[in-house]
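Structure data (compact mmCIF, C-alpha atoms and all ligand atoms) from run_7.txt:
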# COMPACT_ATOMS: atom_id res chain seq x y z
CA MET L 1 12.34 0.03 -23.60
CA LYS L 2 9.77 -2.67 -23.02
CA VAL L 3 8.43 -2.75 -19.48
CA LEU L 4 6.52 -5.36 -17.45
CA VAL L 5 4.29 -4.39 -14.52
CA VAL L 6 3.28 -7.22 -12.20
CA GLY L 7 -0.12 -6.92 -10.51
CA SER L 8 -3.75 -6.16 -11.19
CA GLY L 9 -5.14 -3.44 -8.94
CA GLY L 10 -5.54 0.34 -8.95
CA ARG L 11 -1.95 0.72 -7.84
CA CYS L 12 -0.73 -1.10 -10.96
CA HIS L 13 -3.05 0.95 -13.15
CA ALA L 14 -1.44 4.11 -11.75
CA ILE L 15 2.07 2.69 -12.30
CA VAL L 16 1.17 1.72 -15.89
CA GLU L 17 -0.28 5.17 -16.56
CA ALA L 18 2.81 6.90 -15.15
CA LEU L 19 5.08 4.67 -17.28
CA SER L 20 3.00 5.45 -20.37
CA ARG L 21 3.99 9.12 -19.97
CA SER L 22 7.68 8.21 -20.37
CA PRO L 23 9.16 8.83 -23.83
CA GLN L 24 11.55 5.90 -23.29
CA VAL L 25 8.78 3.36 -22.86
CA GLU L 26 7.95 1.66 -26.12
CA LYS L 27 5.57 -1.01 -24.83
CA ILE L 28 4.02 -1.93 -21.48
CA TYR L 29 2.93 -5.42 -20.50
CA CYS L 30 0.95 -6.08 -17.33
CA ALA L 31 0.57 -9.48 -15.66
CA PRO L 32 -2.24 -10.17 -15.13
CA GLY L 33 -3.59 -6.58 -15.34
CA ASN L 34 -7.27 -5.69 -15.44
CA ALA L 35 -9.92 -4.29 -17.78
CA GLY L 36 -8.86 -0.68 -17.22
CA ILE L 37 -5.14 -1.38 -17.56
CA ALA L 38 -5.86 -3.12 -20.89
CA ALA L 39 -6.49 0.30 -22.47
CA THR L 40 -2.82 1.23 -21.96
CA ALA L 41 -0.88 -2.02 -21.57
CA GLU L 42 -1.01 -5.47 -23.08
CA CYS L 43 -2.36 -7.70 -20.34
CA ILE L 44 -0.85 -11.17 -20.20
CA ALA L 45 -2.42 -14.12 -18.44
CA ILE L 46 0.33 -14.96 -15.96
CA LYS L 47 -0.41 -14.93 -12.24
CA GLU L 48 1.48 -12.38 -10.15
CA THR L 49 2.97 -15.16 -7.98
CA ALA L 50 4.22 -17.27 -10.92
CA ALA L 51 7.84 -16.09 -10.58
CA ASP L 52 9.30 -18.65 -13.02
CA GLU L 53 6.79 -17.88 -15.76
CA LEU L 54 7.18 -14.13 -15.32
CA CYS L 55 10.94 -14.50 -15.48
CA ALA L 56 10.71 -16.55 -18.68
CA PHE L 57 8.33 -13.97 -20.18
CA ALA L 58 10.74 -11.12 -19.36
CA ARG L 59 13.66 -12.99 -20.90
CA GLU L 60 11.82 -14.02 -24.05
CA ASN L 61 10.35 -10.56 -24.64
CA ALA L 62 13.51 -8.55 -23.92
CA ILE L 63 11.89 -6.68 -21.04
CA GLY L 64 14.24 -3.90 -19.87
CA LEU L 65 12.46 -3.23 -16.56
CA THR L 66 9.97 -5.14 -14.41
CA VAL L 67 8.05 -3.30 -11.68
CA VAL L 68 6.33 -5.32 -8.94
CA GLY L 69 3.04 -4.18 -7.40
CA PRO L 70 1.77 -6.68 -4.82
CA GLU L 71 3.47 -8.20 -1.78
CA VAL L 72 2.39 -11.75 -2.67
CA ALA L 73 4.71 -11.61 -5.71
CA LEU L 74 7.59 -10.44 -3.51
CA GLU L 75 6.93 -13.19 -1.00
CA ALA L 76 6.97 -15.67 -3.89
CA GLY L 77 10.57 -14.56 -4.51
CA ILE L 78 10.08 -12.83 -7.85
CA ALA L 79 12.94 -10.36 -7.28
CA ASP L 80 15.39 -13.10 -6.28
CA ARG L 81 14.45 -15.04 -9.40
CA PHE L 82 14.91 -12.06 -11.76
CA LYS L 83 18.17 -10.98 -10.13
CA ALA L 84 19.61 -14.48 -10.43
CA GLU L 85 19.06 -14.21 -14.18
CA GLY L 86 20.47 -10.71 -14.43
CA LEU L 87 17.08 -9.21 -15.29
CA ARG L 88 16.36 -5.70 -14.01
CA ILE L 89 13.56 -5.68 -11.46
CA PHE L 90 12.19 -2.94 -9.24
CA GLY L 91 11.17 -4.69 -6.03
CA PRO L 92 12.87 -6.21 -2.97
CA THR L 93 14.10 -9.77 -2.47
CA LYS L 94 12.05 -12.15 -0.39
CA SER L 95 14.43 -11.63 2.48
CA ALA L 96 14.17 -7.81 2.41
CA ALA L 97 10.37 -8.01 1.94
CA ARG L 98 10.14 -9.61 5.41
CA ILE L 99 9.84 -6.02 6.63
CA GLU L 100 6.22 -6.43 5.44
CA THR L 101 5.64 -10.18 5.30
CA SER L 102 6.64 -10.84 8.93
CA LYS L 103 5.39 -8.47 11.62
CA GLU L 104 7.76 -10.17 14.08
CA PHE L 105 10.80 -9.56 11.85
CA ALA L 106 9.78 -5.91 11.40
CA LYS L 107 9.20 -5.34 15.12
CA GLU L 108 12.48 -6.99 16.14
CA LEU L 109 14.40 -4.98 13.56
CA MET L 110 12.87 -1.76 14.88
CA GLN L 111 13.69 -2.71 18.45
CA LYS L 112 17.29 -3.63 17.60
CA TYR L 113 17.98 -0.45 15.63
CA ASP L 114 16.03 1.96 17.83
CA ILE L 115 13.38 2.81 15.26
CA PRO L 116 10.36 4.31 17.08
CA THR L 117 7.36 1.97 17.22
CA ALA L 118 4.74 0.68 19.67
CA ALA L 119 6.03 -1.58 22.48
CA PHE L 120 5.26 -5.24 21.75
CA ARG L 121 5.59 -8.92 22.60
CA THR L 122 5.25 -11.96 20.36
CA PHE L 123 3.28 -15.10 21.23
CA SER L 124 2.67 -18.53 19.76
CA ASP L 125 0.71 -19.89 22.72
CA TYR L 126 -2.96 -18.93 23.03
CA ASP L 127 -3.13 -19.13 26.85
CA GLU L 128 -0.01 -17.03 27.36
CA ALA L 129 -1.21 -14.44 24.83
CA LEU L 130 -4.61 -14.18 26.50
CA ALA L 131 -3.08 -13.88 29.98
CA TYR L 132 -0.81 -11.08 28.69
CA VAL L 133 -3.77 -9.17 27.24
CA LYS L 134 -5.80 -9.60 30.44
CA ALA L 135 -2.92 -8.30 32.57
CA GLY L 136 -2.44 -5.23 30.33
CA THR L 137 -4.51 -2.22 29.32
CA LEU L 138 -7.21 -2.07 26.67
CA PRO L 139 -7.57 -1.55 23.79
CA ALA L 140 -5.01 -4.17 22.80
CA VAL L 141 -3.61 -4.40 19.30
CA LEU L 142 -3.28 -7.98 17.99
CA LYS L 143 -1.42 -8.61 14.75
CA TYR L 144 -1.11 -11.89 12.94
CA ASP L 145 2.55 -12.47 11.97
CA GLY L 146 2.18 -12.95 8.23
CA LEU L 147 0.28 -11.74 5.18
CA ALA L 148 -3.46 -11.64 5.83
CA ALA L 149 -4.74 -9.26 3.13
CA GLY L 150 -5.23 -6.43 5.59
CA LYS L 151 -7.39 -8.56 7.88
CA GLY L 152 -4.69 -9.66 10.31
CA VAL L 153 -4.96 -6.69 12.69
CA VAL L 154 -7.56 -6.54 15.46
CA ILE L 155 -7.97 -3.66 17.89
CA ALA L 156 -9.65 -5.35 20.82
CA GLU L 157 -11.66 -3.04 23.09
CA THR L 158 -12.79 -5.83 25.43
CA PRO L 159 -11.19 -9.04 26.75
CA GLU L 160 -13.88 -11.01 24.85
CA GLN L 161 -12.86 -9.44 21.51
CA ALA L 162 -9.21 -10.19 22.26
CA ASP L 163 -10.08 -13.77 23.12
CA GLU L 164 -12.03 -14.24 19.90
CA ALA L 165 -9.19 -12.80 17.79
CA LEU L 166 -6.54 -14.90 19.53
CA LYS L 167 -8.65 -18.01 18.98
CA ASP L 168 -8.90 -17.20 15.26
CA MET L 169 -5.19 -16.50 14.91
CA LEU L 170 -3.62 -19.09 17.23
CA LEU L 171 -6.07 -21.92 17.85
CA ASP L 172 -7.95 -22.04 14.53
CA ALA L 173 -4.99 -20.77 12.41
CA LYS L 174 -7.45 -18.78 10.30
CA PHE L 175 -4.63 -17.04 8.38
CA GLY L 176 -2.08 -19.88 8.62
CA GLN L 177 0.38 -21.17 11.22
CA GLY L 178 1.74 -17.81 12.32
CA ARG L 179 2.48 -16.21 15.66
CA VAL L 180 0.82 -13.11 17.06
CA VAL L 181 2.38 -9.76 17.91
CA ILE L 182 0.57 -7.92 20.70
CA GLU L 183 1.38 -4.25 20.84
CA GLU L 184 0.67 -1.05 22.68
CA TYR L 185 -2.25 1.00 21.36
CA LEU L 186 -1.14 4.32 19.91
CA GLU L 187 -3.18 7.38 19.00
CA GLY L 188 -2.74 10.21 16.53
CA PRO L 189 -3.16 10.95 12.83
CA GLU L 190 -1.77 8.31 10.48
CA PHE L 191 0.10 8.96 7.26
CA SER L 192 1.98 6.98 4.64
CA LEU L 193 5.49 7.90 3.61
CA MET L 194 6.68 5.94 0.58
CA CYS L 195 10.34 6.10 -0.43
CA PHE L 196 12.35 4.81 -3.35
CA VAL L 197 15.15 2.81 -1.74
CA ASN L 198 18.28 1.06 -2.87
CA GLY L 199 20.53 -0.09 -0.02
CA HIS L 200 21.43 3.02 1.99
CA GLU L 201 19.90 5.43 -0.55
CA VAL L 202 16.41 6.71 0.32
CA TYR L 203 14.33 9.17 -1.75
CA PRO L 204 10.92 10.24 -0.42
CA MET L 205 7.64 10.69 -2.26
CA PRO L 206 5.01 13.17 -1.04
CA ALA L 207 3.29 11.91 2.12
CA ALA L 208 -0.29 10.68 1.70
CA GLN L 209 -3.15 9.64 3.94
CA ASP L 210 -5.21 6.51 3.39
CA HIS L 211 -8.73 5.93 4.78
CA LYS L 212 -8.90 2.30 5.85
CA ARG L 213 -12.38 2.07 7.38
CA ALA L 214 -15.32 1.33 5.11
CA TYR L 215 -17.67 4.15 6.10
CA ASP L 216 -17.70 7.90 6.75
CA GLY L 217 -16.29 9.07 10.07
CA ASP L 218 -13.85 6.13 10.11
CA LYS L 219 -16.67 3.77 11.03
CA GLY L 220 -17.12 0.17 9.94
CA PRO L 221 -14.67 -2.58 9.14
CA ASN L 222 -11.09 -2.19 7.89
CA THR L 223 -10.72 -2.36 4.11
CA GLY L 224 -7.91 -2.26 1.56
CA GLY L 225 -8.38 1.55 1.55
CA MET L 226 -11.39 3.73 0.59
CA GLY L 227 -9.58 6.88 -0.52
CA ALA L 228 -6.43 8.93 -0.11
CA TYR L 229 -4.98 12.39 -0.61
CA THR L 230 -1.79 14.45 -0.64
CA GLU L 231 -0.73 17.19 0.85
CA LEU L 232 -1.09 16.71 4.59
CA PRO L 233 -1.36 20.00 6.51
CA PHE L 234 -0.68 18.26 9.86
CA ILE L 235 2.77 17.05 8.75
CA ASP L 236 5.40 19.79 8.60
CA GLU L 237 9.02 19.88 7.42
CA ALA L 238 10.34 18.96 10.87
CA ASP L 239 8.04 15.92 10.97
CA LEU L 240 9.23 14.81 7.55
CA ASP L 241 12.89 15.27 8.50
CA TYR L 242 12.35 13.19 11.60
CA ALA L 243 10.44 10.49 9.71
CA MET L 244 13.17 10.33 7.07
CA ASN L 245 16.12 10.26 9.48
CA ALA L 246 14.86 8.33 12.49
CA ILE L 247 12.65 5.93 10.56
CA MET L 248 13.08 5.51 6.80
CA ARG L 249 16.87 5.93 6.48
CA ARG L 250 17.53 4.05 9.69
CA THR L 251 15.39 1.17 8.47
CA ALA L 252 17.12 1.03 5.08
CA ASP L 253 20.48 1.01 6.89
CA ALA L 254 19.26 -1.69 9.30
CA LEU L 255 18.24 -3.94 6.42
CA VAL L 256 21.68 -3.54 4.86
CA ALA L 257 23.29 -4.36 8.21
CA GLU L 258 21.13 -7.48 8.49
CA GLY L 259 22.31 -8.69 5.09
CA ALA L 260 18.95 -8.00 3.43
CA PRO L 261 19.47 -4.73 1.50
CA PHE L 262 16.22 -3.31 0.21
CA CYS L 263 15.54 -2.28 -3.37
CA GLY L 264 12.13 -0.94 -4.31
CA VAL L 265 9.51 1.12 -2.49
CA LEU L 266 9.72 1.10 1.28
CA TYR L 267 6.36 2.21 2.65
CA GLY L 268 6.22 3.59 6.19
CA GLY L 269 2.75 3.47 7.74
CA LEU L 270 3.38 6.12 10.40
CA MET L 271 1.46 7.76 13.21
CA LYS L 272 2.06 11.21 14.69
CA THR L 273 1.52 10.44 18.38
CA PRO L 274 1.90 12.90 21.27
CA GLN L 275 5.23 11.09 21.96
CA GLY L 276 6.48 11.64 18.42
CA ILE L 277 6.17 9.88 15.07
CA LYS L 278 6.09 6.09 15.33
CA VAL L 279 5.87 3.18 12.92
CA ILE L 280 2.57 1.32 12.71
CA GLU L 281 3.70 -0.95 9.90
CA PHE L 282 6.06 -1.22 6.98
CA ASN L 283 5.17 -2.38 3.51
CA ALA L 284 7.71 -3.53 0.93
CA ARG L 285 5.89 -2.02 -2.07
CA PHE L 286 3.76 0.85 -3.28
CA GLY L 287 0.67 1.44 -1.12
CA ASP L 288 -2.84 1.17 -2.45
CA PRO L 289 -4.64 3.64 -2.78
CA GLU L 290 -1.73 5.99 -1.92
CA THR L 291 0.05 5.29 -5.21
CA GLU L 292 -2.97 6.48 -7.17
CA VAL L 293 -2.74 9.94 -5.56
CA VAL L 294 1.06 10.18 -5.37
CA LEU L 295 2.24 9.14 -8.84
CA PRO L 296 0.11 11.73 -10.71
CA ARG L 297 2.30 14.29 -8.94
CA MET L 298 5.55 12.94 -10.36
CA LYS L 299 7.01 15.40 -12.84
CA SER L 300 10.07 13.29 -13.69
CA ASP L 301 10.20 10.35 -16.07
CA ILE L 302 9.23 7.43 -13.82
CA CYS L 303 10.96 4.90 -16.06
CA SER L 304 14.29 6.66 -15.41
CA VAL L 305 13.54 6.78 -11.70
CA PHE L 306 12.84 3.03 -11.57
CA CYS L 307 15.94 2.18 -13.63
CA ASP L 308 18.22 4.54 -11.71
CA VAL L 309 17.08 3.23 -8.35
CA ALA L 310 17.27 -0.41 -9.46
CA ASP L 311 20.79 0.12 -10.87
CA GLY L 312 22.05 2.05 -7.84
CA ARG L 313 22.31 5.49 -9.46
CA ALA L 314 20.91 8.64 -7.84
CA PRO L 315 17.59 9.42 -9.56
CA SER L 316 16.37 12.91 -10.34
CA ILE L 317 12.88 13.16 -8.88
CA GLU L 318 10.69 16.24 -9.13
CA TRP L 319 7.11 16.64 -7.97
CA HIS L 320 4.25 18.89 -8.99
CA ASP L 321 3.03 20.99 -6.09
CA PHE L 322 -0.71 20.57 -6.67
CA ALA L 323 -2.88 18.53 -4.29
CA THR L 324 -4.53 15.24 -5.26
CA LEU L 325 -7.49 13.39 -3.82
CA GLY L 326 -8.93 10.00 -4.73
CA ILE L 327 -12.27 8.41 -3.84
CA VAL L 328 -12.72 4.65 -4.09
CA LEU L 329 -15.96 3.20 -5.44
CA ALA L 330 -16.58 -0.20 -3.85
CA SER L 331 -19.21 -2.91 -4.31
CA LYS L 332 -22.05 -2.72 -1.76
CA GLY L 333 -21.23 -5.22 0.99
CA TYR L 334 -17.45 -4.88 0.67
CA PRO L 335 -15.23 -5.77 2.60
CA ASN L 336 -17.61 -8.66 3.29
CA SER L 337 -19.45 -10.54 0.57
CA TYR L 338 -20.75 -8.65 -2.46
CA GLU L 339 -22.23 -9.35 -5.88
CA LYS L 340 -20.43 -8.77 -9.18
CA GLY L 341 -21.38 -8.01 -12.77
CA PHE L 342 -23.12 -4.62 -12.45
CA VAL L 343 -22.74 -2.29 -15.44
CA ILE L 344 -20.69 0.86 -14.79
CA GLU L 345 -21.59 3.95 -16.85
CA GLY L 346 -19.91 7.30 -17.28
CA VAL L 347 -16.25 6.36 -16.81
CA ASP L 348 -15.26 8.25 -19.98
CA THR L 349 -16.99 11.46 -18.84
CA VAL L 350 -14.83 11.86 -15.71
CA ASP L 351 -12.46 14.85 -15.78
CA GLY L 352 -9.65 13.27 -13.79
CA SER L 353 -7.96 9.88 -13.60
CA VAL L 354 -9.98 6.72 -13.15
CA TYR L 355 -7.86 3.78 -12.01
CA HIS L 356 -9.53 0.40 -12.21
CA MET L 357 -9.28 -1.93 -9.22
CA GLY L 358 -11.85 -4.64 -9.89
CA THR L 359 -13.62 -4.33 -13.24
CA ALA L 360 -14.23 -6.56 -16.23
CA VAL L 361 -15.65 -5.94 -19.70
CA LYS L 362 -18.94 -7.57 -20.67
CA ASP L 363 -20.72 -6.88 -23.97
CA GLY L 364 -18.44 -3.91 -24.54
CA LYS L 365 -19.23 -2.31 -21.17
CA TYR L 366 -17.33 -2.13 -17.90
CA VAL L 367 -18.88 -4.21 -15.13
CA THR L 368 -17.95 -4.64 -11.47
CA SER L 369 -15.78 -7.65 -10.69
CA GLY L 370 -14.19 -6.95 -7.32
CA GLY L 371 -14.72 -5.47 -3.86
CA ARG L 372 -12.94 -2.24 -4.60
CA VAL L 373 -13.95 -1.40 -8.18
CA MET L 374 -12.26 1.86 -9.15
CA ILE L 375 -10.79 5.07 -7.78
CA VAL L 376 -11.45 8.55 -9.15
CA VAL L 377 -8.47 10.88 -8.62
CA CYS L 378 -8.58 14.65 -9.14
CA LYS L 379 -5.90 17.28 -8.85
CA ALA L 380 -6.19 20.98 -8.00
CA PRO L 381 -4.07 23.81 -6.57
CA THR L 382 -5.49 23.24 -3.09
CA LEU L 383 -6.77 20.18 -1.25
CA ARG L 384 -10.20 21.80 -0.77
CA GLU L 385 -10.55 22.20 -4.52
CA ALA L 386 -9.31 18.68 -5.21
CA GLN L 387 -11.84 17.36 -2.70
CA ALA L 388 -14.74 19.27 -4.28
CA LYS L 389 -13.67 18.21 -7.75
CA ALA L 390 -13.35 14.52 -6.85
CA ALA L 391 -16.82 14.58 -5.27
CA ALA L 392 -18.29 16.09 -8.45
CA GLU L 393 -16.47 13.65 -10.75
CA VAL L 394 -17.39 10.56 -8.71
CA ALA L 395 -21.04 11.56 -9.13
CA LYS L 396 -20.68 11.07 -12.89
CA ILE L 397 -20.18 7.34 -12.46
CA GLY L 398 -23.43 5.47 -12.58
CA CYS L 399 -23.78 1.96 -11.18
CA ASP L 400 -26.48 0.25 -9.12
CA ASN L 401 -24.17 -1.56 -6.76
CA LEU L 402 -21.42 0.87 -5.69
CA PHE L 403 -20.85 2.97 -2.59
CA HIS L 404 -18.13 5.41 -1.59
CA ARG L 405 -17.08 7.54 1.35
CA THR L 406 -18.05 11.21 1.22
CA ASP L 407 -15.50 12.45 3.76
CA ILE L 408 -12.15 11.62 2.14
CA GLY L 409 -9.75 14.43 3.03
CA ASP L 410 -11.87 15.91 5.85
CA LYS L 411 -9.25 14.90 8.42
CA ALA L 412 -6.87 17.42 6.85
CA PHE L 413 -9.14 20.25 7.98
CA LYS L 414 -9.68 19.22 11.61
P1 LIG H 501 -1.51 -2.42 10.08
O1 LIG H 501 -1.99 -3.50 9.13
O2 LIG H 501 -0.42 -2.84 10.97
O3 LIG H 501 -1.25 -1.13 9.35
O4 LIG H 501 -2.77 -2.06 10.96
C1 LIG H 501 -4.01 -1.67 10.40
C2 LIG H 501 -4.55 -0.47 11.13
O5 LIG H 501 -4.73 -0.77 12.51
C3 LIG H 501 -3.61 0.72 11.11
O6 LIG H 501 -3.76 1.51 9.97
C4 LIG H 501 -4.03 1.47 12.36
O7 LIG H 501 -5.16 2.27 12.11
C5 LIG H 501 -4.42 0.37 13.31
N1 LIG H 501 -3.29 0.07 14.20
C6 LIG H 501 -2.29 -0.81 13.97
N2 LIG H 501 -1.41 -0.82 14.99
C7 LIG H 501 -1.86 0.08 15.89
C8 LIG H 501 -1.40 0.53 17.18
N3 LIG H 501 -0.29 0.03 17.74
N4 LIG H 501 -2.12 1.45 17.81
C9 LIG H 501 -3.26 1.95 17.26
N5 LIG H 501 -3.75 1.58 16.07
C10 LIG H 501 -3.06 0.64 15.39
N1 LIG H 502 -2.78 1.59 1.95
C1 LIG H 502 -2.27 0.54 2.73
C2 LIG H 502 -1.54 -0.49 1.99
O1 LIG H 502 -1.23 -0.36 0.83
O2 LIG H 502 -1.23 -1.51 2.59

I'd like the structure from this file rewritten - as structure tokens, please.
Ligand code: AMP
Ligand code: GLY
Amino acid sequence: MKVLVVGSGGRCHAIVEALSRSPQVEKIYCAPGNAGIAATAECIAIKETAADELCAFARENAIGLTVVGPEVALEAGIADRFKAEGLRIFGPTKSAARIETSKEFAKELMQKYDIPTAAFRTFSDYDEALAYVKAGTLPAVLKYDGLAAGKGVVIAETPEQADEALKDMLLDAKFGQGRVVIEEYLEGPEFSLMCFVNGHEVYPMPAAQDHKRAYDGDKGPNTGGMGAYTELPFIDEADLDYAMNAIMRRTADALVAEGAPFCGVLYGGLMKTPQGIKVIEFNARFGDPETEVVLPRMKSDICSVFCDVADGRAPSIEWHDFATLGIVLASKGYPNSYEKGFVIEGVDTVDGSVYHMGTAVKDGKYVTSGGRVMIVVCKAPTLREAQAKAAAEVAKIGCDNLFHRTDIGDKAFK
């Protein structure tokens, strides 16, 4: 089978690598891909949001399966387009992807179907929103109602911070003409539970934990994710059962009931609060960097899993029971401005997987070309060993302009 993967980050590199292990996969294309992906797949110069062009490419090249990475492609209606032409695609329709693309839609769905989440209200008026925050308790959680590349959430500790964020979101429309969801501040360890979903059918992957802040000790600004790991000692079987039944299955059922059945990966960003597990957010796709630590654990043929789920058959999914841990190398300055074009040495010497996030090739060498540049993922029988190994392997990568967190996985041992 010929397969097309849509996207360009570390998540897509991990999907491409997993597909390359499948005996059924004869050729992998990636649109647009990146310098690392190019070693395994043929990268084609079509933007991830160009649904019509991608559809034409799939038709003309007899692609048997298309897998979608990023949410912007889903919001552009790529799945609707492929489905209308009878092309197999692994990813939700635009309507089902609202679970990620509209915070308001997601919150109202959770409220209607009794899916545990933080209490909330939605505002379009700046004065009303500010008055609500001032009358409530701090910190206040302010979320822009639309895609904002991970920058649409502000945890305001003071009324001044809340005011500034509301001005950005509602008066200056910094992210677009969206509304704002203001929600209750929750506390507890966060984890990501990704599931393969088709309609009412929900199949979990191992839970993972992302590290969203830029610096050690969860300090600094929010990023696209600085590292992740699996297994999570603070999540037990009972927690997983609850998360599957009260959250993931109920949400899949709710989307069917609303006439927007979901097909693809439903990602629960969950928090284990003293009042039980609650939803922080949903995503309508594989998480990044969670995918890079979860897919290496898949024992089954991922191509069969994608096709079975997309076609509505029950997939057979088995997982290795080792632990995995990944450390992201990012350009100095990220998530704010940073320079590009620094030579990266030592990638081939790493004993583990290196998934490229933002690299290019110049004069035959890898150079930095993005904020997050690559992730080094190691596996081992225990998380402690995986952590030690990843630290040792990351040290083999030489580059003048990269930094990384040194505490990925520490939260598992607290
Ligand atoms: P989101 O984009 O909705 O996942 O939010 C980004 C991050 O903000 C989350 O990973 C949490 O760490 C934090 N966050 C979001 N909502 C809440 C909440 N209600 N209470 C506490 N922290 C939150
Ligand atoms: N790791 C968070 C995300 O993929 O949105």

Item checked: Val180 of chain L surroundings by all atoms listed in the file, 6 Å radius, close-in-sequence under 3 positions cut, as a PyMOL selection string -> chain L and resi 122-123+143-145

Notebook entry, point to check: If you count only C-alpha atoms, which residues fall within 12 Å of segment 400-404 of chain L, apart from same-chain ones fewer than 2 positions away, as JSON, numbers by chain?
Noted result: {"L": [211, 213, 214, 215, 216, 225, 226, 227, 326, 327, 328, 329, 330, 331, 332, 333, 334, 335, 338, 339, 340, 341, 342, 343, 344, 345, 358, 367, 368, 369, 370, 371, 372, 373, 374, 375, 376, 390, 391, 394, 395, 397, 398, 406, 407, 408]}

Interface rows for chain L against ligand LIG 502 (chain H): nearest pair, Å to one decimal, 12 Å, all atoms listed in the file, as a tab-separated table:
residue	atom	partner	partner_atom	distance
L:Gly9	CA	H:LIG502	O1	11.0
L:Gly10	CA	H:LIG502	O1	10.7
L:Arg11	CA	H:LIG502	O1	8.8
L:Cys12	CA	H:LIG502	O1	11.8
L:Gly69	CA	H:LIG502	O1	10.0
L:Pro70	CA	H:LIG502	O1	9.0
L:Glu71	CA	H:LIG502	O2	9.3
L:Glu100	CA	H:LIG502	O2	9.4
L:Thr101	CA	H:LIG502	O2	11.4
L:Leu147	CA	H:LIG502	O2	10.7
L:Ala148	CA	H:LIG502	O2	10.9
L:Ala149	CA	H:LIG502	O2	8.5
L:Gly150	CA	H:LIG502	O2	7.0
L:Lys151	CA	H:LIG502	O2	10.8
L:Gly152	CA	H:LIG502	O2	11.7
L:Val153	CA	H:LIG502	O2	11.9
L:Glu190	CA	H:LIG502	N1	10.9
L:Phe191	CA	H:LIG502	N1	9.5
L:Ser192	CA	H:LIG502	N1	7.7
L:Leu193	CA	H:LIG502	N1	10.5
L:Met194	CA	H:LIG502	O1	10.1
L:Ala207	CA	H:LIG502	N1	12.0
L:Ala208	CA	H:LIG502	N1	9.4
L:Gln209	CA	H:LIG502	N1	8.3
L:Asp210	CA	H:LIG502	N1	5.7
L:His211	CA	H:LIG502	N1	7.9
L:Lys212	CA	H:LIG502	N1	7.3
L:Arg213	CA	H:LIG502	N1	11.0
L:Asn222	CA	H:LIG502	C1	10.6
L:Thr223	CA	H:LIG502	C1	9.0
L:Gly224	CA	H:LIG502	C1	6.4
L:Gly225	CA	H:LIG502	N1	5.6
L:Met226	CA	H:LIG502	N1	9.0
L:Gly227	CA	H:LIG502	N1	9.0
L:Ala228	CA	H:LIG502	N1	8.5
L:Tyr229	CA	H:LIG502	N1	11.3
L:Val265	CA	H:LIG502	O1	11.3
L:Leu266	CA	H:LIG502	O1	11.1
L:Tyr267	CA	H:LIG502	O1	8.2
L:Gly268	CA	H:LIG502	C1	9.7
L:Gly269	CA	H:LIG502	C1	7.7
L:Leu270	CA	H:LIG502	C1	11.0
L:Ile280	CA	H:LIG502	C1	11.1
L:Glu281	CA	H:LIG502	O2	8.8
L:Phe282	CA	H:LIG502	O2	8.5
L:Asn283	CA	H:LIG502	O2	6.5
L:Ala284	CA	H:LIG502	O2	9.3
L:Arg285	CA	H:LIG502	O1	7.9
L:Phe286	CA	H:LIG502	O1	6.6
L:Gly287	CA	H:LIG502	O1	3.3
L:Asp288	CA	H:LIG502	O1	4.0
L:Pro289	CA	H:LIG502	N1	5.5
L:Glu290	CA	H:LIG502	N1	6.0
L:Thr291	CA	H:LIG502	O1	8.4
L:Glu292	CA	H:LIG502	N1	10.4
L:Val293	CA	H:LIG502	N1	11.2
L:Val294	CA	H:LIG502	N1	11.9

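Among the candidates L:Pro315, L:Gly178, L:Cys378, L:Ala246, the residue lying nearest to Ser102 of chain L is L:Gly178 (atoms considered: all atoms listed in the file).
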
Item checked: Residue nearest ligand LIG 501 (chain H) - candidates L:Thr117, L:Asn245, L:Thr230, L:Thr49, atoms counted: only C-alpha atoms and all ligand atoms ->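 Once distances to ligand LIG 501 (chain H) are computed over only C-alpha atoms and all ligand atoms, the minimum belongs to L:Thr117.
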
Next item on the list: Tell me which of L:Asn198, L:Thr324, L:Thr382, L:Asn61 sits closest to Asp253 of chain L, counting all atoms listed in the file.
Entry: L:Asn198

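The shortest atom-to-atom distance to ligand LIG 501 (chain H), with all atoms listed in the file taken into account, belongs to L:Ile155 out of L:Ile155, L:Val309, L:Cys399, L:Ala388.
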
Checklist line | Residues within 9 Å of segment 91-95 of chain L, only C-alpha atoms, excluding chain neighbours under 2 positions, as a ChimeraX atom specification | finding: /L:66-69,74-81,83,89,97-99,101,259-265,284-285,310

Put those residues in a file: C-alpha atoms, as a compact mmCIF listing (two decimals), keeping the file's coordinate frame.
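Produced file again-v4.txt, reproduced below:
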# COMPACT_ATOMS: atom_id res chain seq x y z
CA THR L 66 9.97 -5.14 -14.41
CA VAL L 67 8.05 -3.30 -11.68
CA VAL L 68 6.33 -5.32 -8.94
CA GLY L 69 3.04 -4.18 -7.40
CA LEU L 74 7.59 -10.44 -3.51
CA GLU L 75 6.93 -13.19 -1.00
CA ALA L 76 6.97 -15.67 -3.89
CA GLY L 77 10.57 -14.56 -4.51
CA ILE L 78 10.08 -12.83 -7.85
CA ALA L 79 12.94 -10.36 -7.28
CA ASP L 80 15.39 -13.10 -6.28
CA ARG L 81 14.45 -15.04 -9.40
CA LYS L 83 18.17 -10.98 -10.13
CA ILE L 89 13.56 -5.68 -11.46
CA ALA L 97 10.37 -8.01 1.94
CA ARG L 98 10.14 -9.61 5.41
CA ILE L 99 9.84 -6.02 6.63
CA THR L 101 5.64 -10.18 5.30
CA GLY L 259 22.31 -8.69 5.09
CA ALA L 260 18.95 -8.00 3.43
CA PRO L 261 19.47 -4.73 1.50
CA PHE L 262 16.22 -3.31 0.21
CA CYS L 263 15.54 -2.28 -3.37
CA GLY L 264 12.13 -0.94 -4.31
CA VAL L 265 9.51 1.12 -2.49
CA ALA L 284 7.71 -3.53 0.93
CA ARG L 285 5.89 -2.02 -2.07
CA ALA L 310 17.27 -0.41 -9.46
